[in-house]
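Written out below as structure tokens is the structure these notes cover.
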Amino acid sequence: MPNQTKSLLENQKLFISIALGGNPFLHPSIDEAYRKNQWEYYEAYLQSGLKGKPLISMYSTRNEEKIRQVAGIVEWCYTHNHFTALDGLIKKGYKFAWLFVQRNEEIDFEQYIRAYAKRQKYRALKEIELFYQNIVLWYLTSREGKPIQSLSVTWQSFQEMLHSSLKEAKVQELNFSERHIEENREKLLHLYEIYSIPKDPEFDSLGAFLEYMLGVSLRRVYEQDFEFDSEEAQQRMFQVSPGKYIGALGGWLKALGINELDATEQIPFTKHALDCALLELLYAKKYNDISDDEQDLFFVASLYLHCVVSLYKEAKQFYLDESKQDYYVEMKTKEAAILQQEAELLRNERTLQTARKRHESERAGLEKELREAQAKIRHLEQKIEGMEDYAGEVHALREYLYWEEAEDQFYEKAPSVDKMAELIASKRIIVFGGSPAWQQKVKDVLPSVEFFDIDSRNRQLGKIRRADAVFINTSALSHAFYYKIMKELRGSGVPFYYIKGQSNSTKTIMELYKWITN
């Protein structure tokens with residue numbers, strides 16, 4: 001379109017978001033529209049490139065929240081080429097602009113403003129209201145592709161306002177850059193001397209700097225009269241510049257319900273921040289005719305404004321970013337991750353259940369074959385060849401069967417029971433299974449042997465890995481508990497053996513001794 005710079009057209013979405021979100025009348029409608037699709041709108045806002053735009057952050061907390069929401073709606077509408085939500089807000093808040101564009105082939109901004117003002121009759125029009133009206137008119141005209149009466153003074157003035165708004169958002173960057181500070185370094189150093197500020201100050205907070213300035217006032221008091229006692233000097237300190245302004249403005253903050261000592265201590269105050277504050281004083285003296293007599297008041301007031309604005313921005317950021325939408329997005333991300341984990345756990349659980357049933361079936365078959373006879377061992381070994389997890393169990397079962405055949409031969413050559421018990425006591429032995437009566441008999445002669453109660457949950461199965469040998473008496477031992485033991489033993493390198501659980505404790509000692517020394 002004619003006479004529209006590229007920068008203005010590139011920022012058209014930004015300005016229409018401001019015109020809609022900055023209109024308090026539209027806030028309930030924005031809330032209602034946003035709630036219908038808030039996740040997609042918020043994600044669209046993040047993708048719009050408007051997050052963190054200085055021009056948006058200059059608005060009040062409530063208005064910035066609505067501007068952000070509208071920006072998400074606008075971006076979503078353009079992404080999906082579906083403008084119902086956006087047009088609904090425009091018709092609700094700016095119906096006159098909507099109808100004006102529909103009824104005119106060429107848009108004259110001056111004609112529109114006169115017609116709009118006439119409709120308001122005796123109501124005074126605010127500048128920001130007219131600015132928002134022009135933004136909506138400009139946006140609709142551009143979207144409809146209609147020509148603008150470019151010679152209109154109102155149109156020219158409106159474009160200047162748009163450019164000015166974009167520049168205002170960068171005032172900190174433009175007017176307080178390092179280049180500007182260095183260009184004014186000599187004047188800044190003069191102000192350093194006036195306020196007795198060291199050339200390389202090290203103030204950790206604004207509160208510390210204000211205390212330093214009070215010290216400057218106190219020195220001025222004593223320069224006037226050395227006869228003041230300390231209490232009177234402290235009182236006079238708040239009657240001499242700049243202390244009197246610090247006291248007055250600090251007192252006003254207290255009256256407004258703000259602890260000024262706490263507030264100023266929360267604000268970091270670097271040398272760059274000090275230079276910016278003094279540079280603003282130079283600008284005020286140059287452009288606003290602030291006199292030397294007025295500069296102390298302006299300087300102290302600007303410091304307190306810096307404090308209040310910093311705290312306001314911090315609270316605003318917490319409300320808009322940390323405590324609201326960003327929190328919800330984080331929760332949504334976590335929710336998706338949890339659902340994914342639950343699905344993965346469900347798949348793993350089903351896999352484990354299938355594997356467990358298969359293992360139980362295989363184990364039942366193995367136990368049945370082992371009970372039939374030693375003749376079936378070779379067949380059993382062939383069947384479990386390649387089942388590495390059960391190799392230790394098979395080996396223990398083979399030794400167990402062999403022991404049944406060679407038991408009498410061992411008894412003939414065995415040492416005394418006391419020597420066997422002594423050797424057993426020197427080892428860390430753990431026994432699983434067996435009836436309580438059998439366990440008690442063994443405990444009476446082998447108190448060092450540790451038994452695990454088959455009815456407990458046995459959360460200390462990790463002790464197995466520190467044992468010298470583990471013995472399993474399969475009588476009075478549940479399958480589930482047996483599986484837990486095997487699971488802990490696998491890969492531990494701890495030898496384990498099956499024992500009969502002889503009712504005769506001497507034979508039990510001999511059986512334990514035989515396996516330990518085997």
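So you can find residues: chains in the structure tokens are A, B, ... in the order shown, residues in each start at 1, and ligands are numbered from 1 in order.
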Within 12 Å of A:Glu64 using only C-alpha atoms, minus same-chain residues under 4 positions, as a PyMOL selection string: chain A and resi 14+17-24+27+50-60+68-71+313+316-317+319-321
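Of note, atom CA of A:Lys95 and atom CA of A:Ala44 are spaced 25.8 Å apart.
Note that the spacing between atom CA of A:Gln224 and atom CA of A:Lys285 amounts to 27.9 Å.
Put simply, atom CA of A:Arg62 is 19.9 Å away from atom CA of A:Glu43.
In terms of minimum interatomic distance to A:Ile429, A:Glu450 ranks closest within A:Glu450, A:Glu294, A:Glu40, A:Glu260, counting only C-alpha atoms.
Taking only C-alpha atoms into account, A:Asp262 lies nearest to A:Gly207 out of the set A:Gly243, A:Pro147, A:Pro495, A:Gly207.
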